[in-house]
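Right, one structure below, let's go through it.
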Amino acid sequence: MDKAAREALAARVLKLSTADQTEVAIYSSNSGLTRFTHNAVHQNVAESDTAIKIRAIVGRRTGVAATNMLDDAALKGAVERAIAMAHLAPEDPALAQLPAGGPTVAPPGAFDQTTASATPQKRAEMCDAIFRVAEKNDYWCAGFATTSESSVTIANSNGAMASFTGTDAGVNVKMNASDSSGFAECYVNDCSEIDAHSIGERAAEKTRTSASPQTVEPGEWTVILEPAAFGELFTYIGDHFSAQAYDEGSSFLSDGLDRKYFGENVTLYDDYAHPLAPGMPFDYEGQPTRRLTLVENGVAKNVVTDSYWAKKLQRENTGHALPAPNAYGPQALHLVVAGGTKSLDQLIAETPRGLLISRFWYIRTVDQKKAIVTGMTRDGTFLIRDGKLAGGVRNMRFNQSIIDCLNACELSREQARTGSYSYSIVVPSAKISGFTFSSGTDF
Amino acid sequence: MSYKDQAARALDTASKRGAGYADIRFEINRSERIEARNGVVATLSDSTSRGYGIRALADGAWGFAAGSDLSDAGIDRVAARAVDIAKAGAAIARKRIGQAPQRAYTDTFATPLLRDPHDVPLGDRVALLLAAEKALHVSPQISVGRAWMDLWTIDKFFYSTIGSAIEQRIRQTGSGMEALAVGGGDVQSRTFPGDIGLYQAGGWEIIERAHLESNAQRIAEEAVALLGAPQCPSGTFDIILGGSQVSLQIHESCGHPAELDRVMGWEANFSGVSFLEIEQLGKLKYGSDLVTIVIDNTLPEGLATVGYDDEGTKSVQSDIIRNGMLVGYEMSNDTARSIGRESNACVRAQSWEFVPMIRMCNLNLLPGNTPFENLFDDVKDGIYMESNRSWSIDDHRLNFQFGCEIAWEVKNGKRGRMLKNPTYAGVTPAFWNSCDAIGDQASWVAWGTPNCGKGEPMQTGRTAQCAAPARFRNVEVGVGYRG
């Protein structure tokens, strides 16, 4: 559904409502994903849908109804259901007015027509290029190629009307040999920027150079995390920058802002307009999103808010609301870690003994307040000896405080977008001392 | 036009476009969620989503397309898209993976329920949660109280080119609560029942079974007490796990590795592979003789219970681990036939817009004969842990580390002082072979997991792992805080 149709639909639904305040959110998507294993496609899917969500506010009471049935009767029914639920909810004294919105501009590169109209044949071409790399090396590969277009319109009875359409494309590859594997990925907004052959080659190179892995002892190591690994750590502290977690005491920032939590070389932003990951310039309440410095030179500067938490904490609304209803509070969805001064190669060359890690797996929080997490290495872990890669090592489990990591790291100047089709983080590689491994594996 | 007529049109279009087999699954999914949080209703929502997914098999490759446009043109477009996608995959295929199902069914199924949750006035449902949530605030140190419930109704209409016509109404219900205590630079959480809540197939009776309000004060007091409790020690101990934690242990260390698609490398790039390789079938001593784990998708209260899976295969019971020995897998039609077996109906899609894939369903550790209180007997120096807080396992499903919300030391068969931040770690077969007692039928609960992630695009599955508390000897404890 295009922008004009979405905005017309939103206006029509707003008129149906008799609530004191009404918000209409329309989500439209068209996506495809081709998944492969053993050099053959085994899941090949596409989906398209348009759904509408209505938030009705009566006094200080809220109800939400959603439907993807867009005929008049279904829309009227959804509006009435939202209002009826609002009448049954108790009053929330902290409830804020819906924001009036404001002008927004989509960042350059957020939408690409070729990606929006990509065919399964286009995705098959990308997969085939990867299959050929696997066959040349006598490996088998597993992964996916995906393209998607997604649109959002948020409108409310206080005057907000914001629309955005973005595209995403991604390739993810694991190359497999008898005793080693290697991983590579690429996420962009324009699928023509994906060089599937090169991504396959990068994964194959990791597989080749990590063959015949050796066992190293767990304990404290200097590690160099490539972006896919370093970025995953940030998915486990992103929620600490929510005004809700900050206020309720579950964030490590709850001790206060304007305090130093990380090393001076660590600066963290939330930036929807970063050129590597351009995204939606407003939040799910239609409020323009601020490009926000969260941590500057190790000092915490801001938490993100939405209308509710801005009012409750008497802070500015930074435009980081999630879709209603939302029990998780506002969230920073476009994290960017500023790069350092050295190249990844330099970081490796300056390491007498350490580990280079391509990717983590199954990270989970062990201790929320201390931001201790556990997880595994996978798909390309290498010994560094005297500044050079010295072969693959078997995978290990770590238990580590992310806060401690960010007090003992050097960052590469190159940044990369990592994550997947559903979220993105822009990070450099990071060299971290005193990273703690607790056990190993036989593979 | 009826779903049957629309299905006929879709399957005809797919066949004419070149599909050798096709099926269509219409779904109407209704989700109601209420969440009370710190005295207010943070979530009060009612969502309905209607659409259909079409699978087409062309030249040995599968294509799947989904849409919500129920017009003739919309149905034709989505059916043609499914075949086009299948052919795009077939054009680069090095081997043929897809095989058409062979058995057709015409049937109906409805989840048995004692009371329809929608017959309970919405105001009463809200009031129940507000009362439970209020009871959590036993101290100023309770920073967050939450109580929630989910009501799910799924209507499915499945038709295939081999003649299946299956209508199902599936009802799933769940509720839970959490108390978060903050103080002294620490944060501690207690949840009930289990760490997710009690989620089962059925109706309002499941909400009543959870007894939220009568347990609220106790779990909130435990959360506050944990702030000042001593740290769980590190070392090798005998441990007793509460039922919901055993359920999680089954989920992660048996349920996922026994998915045959995973064994065959279909999940290799994301959720990983499996140590339960096909060559190990009938040979691997996975656990002690006490350990028998079965699929039972007919169990009335099992969260994953359906009449037929999303490939149109009738629900059955089958063994995965029998007296400690690996004897089976969770299977789809394609994967089962590739090892000479028949599907055991473990295929699910999150909803109409997702492709069906192997999911865990109801995977149950059969109860033992030890009453819960006797699990503590013969434990000289051990730890009793309850309710999951952290879970991580490697991509072969061998090396795991789990943490629980709360623990108590066990000395000479008696439960002693409370301990905080308990974690334990191990390697899957060694751990299950160390199991020397399983709770009896009286302590066996159909624990549901409504949020299992798998696949790309990621799908959320609703699984169950029915379990009782169990005892394990000589387990590594405390590693999460030892470094």
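Chains: A, B, ... in order of the structure tokens. Residues: from 1 per chain. Ligands: from 1, in order shown.
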Select from segment 274-358 of chain A every residue with an atom at most 10 Å from any atom of segment 168-178 of chain A, then for each give the shortest pair of atoms and their distance in Å to one decimal, using only C-alpha atoms, rows by chain and rising number, as a Markdown table.
```
| residue | atom | partner | partner_atom | distance |
| --- | --- | --- | --- | --- |
| A:Ala277 | CA | A:Asp168 | CA | 9.3 |
| A:Pro278 | CA | A:Asp168 | CA | 9.9 |
| A:Gly279 | CA | A:Asp168 | CA | 9.7 |
```
Output file for the residues above (N, CA and C atoms, as a PDB file, in the first residue's frame):
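Output below, filename again35.pdb:
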```pdb
ATOM      1  N   ALA A 277      23.251   2.513   7.854  1.00  0.00           N
ATOM      2  CA  ALA A 277      21.961   1.920   8.259  1.00  0.00           C
ATOM      3  C   ALA A 277      20.882   2.990   8.324  1.00  0.00           C
ATOM      4  N   PRO A 278      20.569   3.623   7.213  1.00  0.00           N
ATOM      5  CA  PRO A 278      19.545   4.677   7.259  1.00  0.00           C
ATOM      6  C   PRO A 278      18.166   4.080   7.520  1.00  0.00           C
ATOM      7  N   GLY A 279      17.429   4.709   8.436  1.00  0.00           N
ATOM      8  CA  GLY A 279      16.143   4.128   8.829  1.00  0.00           C
ATOM      9  C   GLY A 279      15.062   5.167   9.024  1.00  0.00           C
TER      10      GLY A 279
END
```
Tell me, as number ranges by chain, which residues lie within 12 Å of Pro330 of chain A, counting only C-alpha atoms; anything in the same chain fewer than 3 positions away does not count. A: 238-247, 283-285, 289, 303-310, 317-327, 333
List every residue of segment 202-360 of chain A that DSSP, applied to the backbone of this structure, places in strand (DSSP E), and write the result as number ranges by chain. A: 219-225, 268-270, 292-296, 299-300, 335-337, 353-357, 360
Taking only C-alpha atoms into account, which residues of chain B are within 7 Å of chain A, as a PyMOL selection string? chain B and resi 40-50+62-68+85-86+88-89+92-95+97+123+143-144+182+186-187+265-266+268-269+353+355+390-394+399+403+480+483
Go ahead and write the selection's residues with C-alpha atoms as a PDB file, in the first residue's frame.
```
ATOM      1  CA  VAL B  40      -1.943   0.471  35.813  1.00  0.00           C
ATOM      2  CA  VAL B  41      -2.880  -1.557  32.759  1.00  0.00           C
ATOM      3  CA  ALA B  42       0.139  -1.150  30.481  1.00  0.00           C
ATOM      4  CA  THR B  43      -1.308  -3.415  27.796  1.00  0.00           C
ATOM      5  CA  LEU B  44      -4.914  -4.021  26.872  1.00  0.00           C
ATOM      6  CA  SER B  45      -5.019  -5.212  23.311  1.00  0.00           C
ATOM      7  CA  ASP B  46      -7.070  -7.332  20.980  1.00  0.00           C
ATOM      8  CA  SER B  47      -5.583  -8.218  17.577  1.00  0.00           C
ATOM      9  CA  THR B  48      -6.995 -10.184  14.693  1.00  0.00           C
ATOM     10  CA  SER B  49      -4.997 -11.268  11.667  1.00  0.00           C
ATOM     11  CA  ARG B  50      -6.436 -13.207   8.741  1.00  0.00           C
ATOM     12  CA  TRP B  62       9.430 -25.755  -2.425  1.00  0.00           C
ATOM     13  CA  GLY B  63       8.053 -22.273  -2.783  1.00  0.00           C
ATOM     14  CA  PHE B  64       5.940 -20.517  -0.177  1.00  0.00           C
ATOM     15  CA  ALA B  65       3.961 -17.306  -0.558  1.00  0.00           C
ATOM     16  CA  ALA B  66       1.549 -15.674   1.835  1.00  0.00           C
ATOM     17  CA  GLY B  67      -0.982 -12.892   1.558  1.00  0.00           C
ATOM     18  CA  SER B  68      -4.062 -11.433   3.121  1.00  0.00           C
ATOM     19  CA  ILE B  85       9.490 -18.930  -6.065  1.00  0.00           C
ATOM     20  CA  ALA B  86       9.690 -22.732  -6.195  1.00  0.00           C
ATOM     21  CA  ALA B  88      13.535 -19.964  -8.925  1.00  0.00           C
ATOM     22  CA  GLY B  89      14.903 -22.314  -6.281  1.00  0.00           C
ATOM     23  CA  ILE B  92      19.821 -23.408  -8.964  1.00  0.00           C
ATOM     24  CA  ALA B  93      19.194 -26.649  -7.070  1.00  0.00           C
ATOM     25  CA  ARG B  94      22.031 -29.149  -6.898  1.00  0.00           C
ATOM     26  CA  LYS B  95      19.654 -31.733  -5.500  1.00  0.00           C
ATOM     27  CA  ILE B  97      14.789 -31.755  -1.381  1.00  0.00           C
ATOM     28  CA  GLY B 123     -13.481  -6.169  33.386  1.00  0.00           C
ATOM     29  CA  SER B 143      10.425  -1.554  41.766  1.00  0.00           C
ATOM     30  CA  VAL B 144       8.278  -3.320  39.211  1.00  0.00           C
ATOM     31  CA  VAL B 182      15.993  -3.298  43.472  1.00  0.00           C
ATOM     32  CA  ASP B 186      21.477  -5.275  43.052  1.00  0.00           C
ATOM     33  CA  VAL B 187      18.449  -6.325  40.992  1.00  0.00           C
ATOM     34  CA  GLY B 265      21.945 -28.992   8.535  1.00  0.00           C
ATOM     35  CA  TRP B 266      18.857 -26.993   7.577  1.00  0.00           C
ATOM     36  CA  ALA B 268      23.209 -24.605  10.289  1.00  0.00           C
ATOM     37  CA  ASN B 269      23.759 -20.899   9.631  1.00  0.00           C
ATOM     38  CA  GLU B 353       2.366 -15.656   6.785  1.00  0.00           C
ATOM     39  CA  VAL B 355       6.345 -21.261   6.136  1.00  0.00           C
ATOM     40  CA  SER B 390      19.410 -17.254  31.949  1.00  0.00           C
ATOM     41  CA  TRP B 391      19.888 -19.920  29.307  1.00  0.00           C
ATOM     42  CA  SER B 392      22.655 -20.472  26.780  1.00  0.00           C
ATOM     43  CA  ILE B 393      23.809 -23.530  24.830  1.00  0.00           C
ATOM     44  CA  ASP B 394      26.234 -23.975  21.967  1.00  0.00           C
ATOM     45  CA  ASN B 399      27.912 -27.117  26.171  1.00  0.00           C
ATOM     46  CA  GLY B 403      20.951 -19.703  35.615  1.00  0.00           C
ATOM     47  CA  GLY B 480      28.485 -17.721  35.781  1.00  0.00           C
ATOM     48  CA  GLY B 483      34.335 -16.222  35.475  1.00  0.00           C
TER      49      GLY B 483
END
```
Straight-line distance linking atom CA of Leu419 of chain B with atom CA of Ile406 of chain B, stated in Å to one decimal: 6.4 Å
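In terms of minimum interatomic distance to Tyr308 of chain B, B:Phe158 ranks closest within B:Phe237, B:Phe158, B:Tyr424, B:Phe354, counting only C-alpha atoms.
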Could you list, as a count of residues only, every residue within 7 Å of segment 189-197 of chain A, counting only C-alpha atoms and ignoring same-chain residues fewer than 3 positions away? 15
At what distance in Å, to one decimal, does atom CA of Gln317 of chain B lie from atom CA of Pro117 of chain B?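 Pair atom CA of Pro117 of chain B / atom CA of Gln317 of chain B returns 28.5 Å.
The gap separating atom CA of Thr147 of chain A from atom CA of Ala430 of chain A is 29.4 Å, in Å to one decimal.
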Option closest in space to Leu70 of chain B, from B:Ser244, B:Gln6, B:Asn38, B:Thr313 [counting only C-alpha atoms]: B:Gln6
Quick one: residues within 10 Å of Leu375 of chain B, only C-alpha atoms, excluding same-chain residues fewer than 5 positions away - as JSON, numbers by chain? {"B": [239, 240, 241, 370, 384, 413, 436, 437, 438, 439, 440, 469, 470, 471, 472]}
Could the residues in this selection be written to a file with N, CA and C atoms, as a compact mmCIF listing (two decimals), in the first residue's frame?
```txt
# COMPACT_ATOMS: atom_id res chain seq x y z
N ILE B 239 22.51 -31.40 42.35
CA ILE B 239 21.49 -30.36 42.25
C ILE B 239 20.11 -30.98 42.04
N ILE B 240 19.11 -30.27 42.53
CA ILE B 240 17.71 -30.61 42.26
C ILE B 240 17.13 -29.40 41.53
N LEU B 241 16.51 -29.66 40.40
CA LEU B 241 15.91 -28.58 39.61
C LEU B 241 14.40 -28.63 39.75
N THR B 370 9.50 -40.78 42.29
CA THR B 370 9.99 -40.18 43.53
C THR B 370 9.12 -38.98 43.90
N TYR B 384 19.27 -26.69 45.55
CA TYR B 384 17.96 -26.78 44.89
C TYR B 384 17.71 -25.45 44.18
N GLY B 413 20.00 -33.78 53.29
CA GLY B 413 18.61 -34.08 52.94
C GLY B 413 17.61 -33.00 53.30
N ASP B 436 19.48 -39.11 38.53
CA ASP B 436 19.20 -40.35 39.27
C ASP B 436 17.86 -40.34 39.99
N ALA B 437 17.05 -39.29 39.78
CA ALA B 437 15.69 -39.32 40.35
C ALA B 437 14.83 -38.30 39.61
N ILE B 438 13.61 -38.71 39.32
CA ILE B 438 12.65 -37.81 38.65
C ILE B 438 11.37 -37.82 39.48
N GLY B 439 10.81 -36.61 39.66
CA GLY B 439 9.60 -36.49 40.46
C GLY B 439 8.45 -37.32 39.90
N ASP B 440 7.51 -37.59 40.75
CA ASP B 440 6.40 -38.47 40.37
C ASP B 440 5.28 -37.69 39.65
N PRO B 469 10.10 -32.05 38.77
CA PRO B 469 11.44 -31.77 39.30
C PRO B 469 12.32 -33.02 39.19
N ALA B 470 13.64 -32.81 39.12
CA ALA B 470 14.53 -33.96 38.98
C ALA B 470 15.87 -33.68 39.65
N ARG B 471 16.61 -34.76 39.93
CA ARG B 471 17.89 -34.64 40.65
C ARG B 471 19.04 -35.09 39.74
N PHE B 472 20.13 -34.37 39.82
CA PHE B 472 21.32 -34.65 39.00
C PHE B 472 22.54 -34.63 39.93
```
Show which residues sit within 9 Å of Tyr105 of chain B, as an NGL selection string. Count only C-alpha atoms, and ignore same-chain residues fewer than 2 positions away. :B and (103 or 107 or 163-166 or 312-314)
Kindly export the residues of the current selection with C-alpha atoms, as a PDB file, in the first residue's frame.
```pdb
ATOM      1  CA  ARG B 103      -1.708 -39.283   3.118  1.00  0.00           C
ATOM      2  CA  ASP B 107     -11.407 -34.078   9.558  1.00  0.00           C
ATOM      3  CA  GLY B 163      -7.373 -34.170  -1.076  1.00  0.00           C
ATOM      4  CA  SER B 164      -6.861 -33.079   2.518  1.00  0.00           C
ATOM      5  CA  ALA B 165      -9.562 -30.854   4.005  1.00  0.00           C
ATOM      6  CA  ILE B 166      -8.936 -30.155   7.700  1.00  0.00           C
ATOM      7  CA  GLY B 312      -1.711 -31.957   7.277  1.00  0.00           C
ATOM      8  CA  THR B 313      -0.223 -34.880   9.241  1.00  0.00           C
ATOM      9  CA  LYS B 314      -2.310 -36.334  12.089  1.00  0.00           C
TER      10      LYS B 314
END
```
Arg9 of chain B environment, 10 Å, only C-alpha atoms, sequence neighbours closer than 5 positions dropped, as a ChimeraX atom specification: /B:3-4,14-15,72,75-76,79
Write out as a list in words the residues lying within 9 Å of Phe230 of chain A, counting only C-alpha atoms and excluding same-chain residues fewer than 6 positions away.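 With the cut-off at 9 Å, the set is Ile224, Arg359, Phe360, Val427, Pro428, Ser429 and Ala430 of chain A.
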Mind writing the picked residues with N, CA and C atoms as a PDB file, in the first residue's frame?
```
ATOM      1  N   ILE A 224      39.963 -10.027  19.996  1.00  0.00           N
ATOM      2  CA  ILE A 224      39.572  -9.023  19.003  1.00  0.00           C
ATOM      3  C   ILE A 224      38.253  -9.492  18.406  1.00  0.00           C
ATOM      4  N   ARG A 359      32.256 -14.330  15.440  1.00  0.00           N
ATOM      5  CA  ARG A 359      30.824 -14.346  15.705  1.00  0.00           C
ATOM      6  C   ARG A 359      30.567 -14.993  17.057  1.00  0.00           C
ATOM      7  N   PHE A 360      29.554 -14.508  17.745  1.00  0.00           N
ATOM      8  CA  PHE A 360      29.112 -15.157  18.981  1.00  0.00           C
ATOM      9  C   PHE A 360      27.793 -15.881  18.728  1.00  0.00           C
ATOM     10  N   VAL A 427      28.966  -0.882  14.219  1.00  0.00           N
ATOM     11  CA  VAL A 427      30.047  -0.988  15.202  1.00  0.00           C
ATOM     12  C   VAL A 427      31.384  -1.182  14.498  1.00  0.00           C
ATOM     13  N   PRO A 428      32.478  -0.803  15.170  1.00  0.00           N
ATOM     14  CA  PRO A 428      33.807  -1.177  14.673  1.00  0.00           C
ATOM     15  C   PRO A 428      34.178  -2.562  15.196  1.00  0.00           C
ATOM     16  N   SER A 429      35.373  -3.021  14.888  1.00  0.00           N
ATOM     17  CA  SER A 429      35.933  -4.174  15.602  1.00  0.00           C
ATOM     18  C   SER A 429      36.494  -3.660  16.918  1.00  0.00           C
ATOM     19  N   ALA A 430      36.632  -4.563  17.877  1.00  0.00           N
ATOM     20  CA  ALA A 430      37.104  -4.131  19.204  1.00  0.00           C
ATOM     21  C   ALA A 430      38.134  -5.106  19.741  1.00  0.00           C
TER      22      ALA A 430
END
```
Using DSSP on the backbone, list every residue of segment 377-435 of chain A that comes out as helix (DSSP H, G or I), and give them as a PyMOL selection string. chain A and resi 402-405
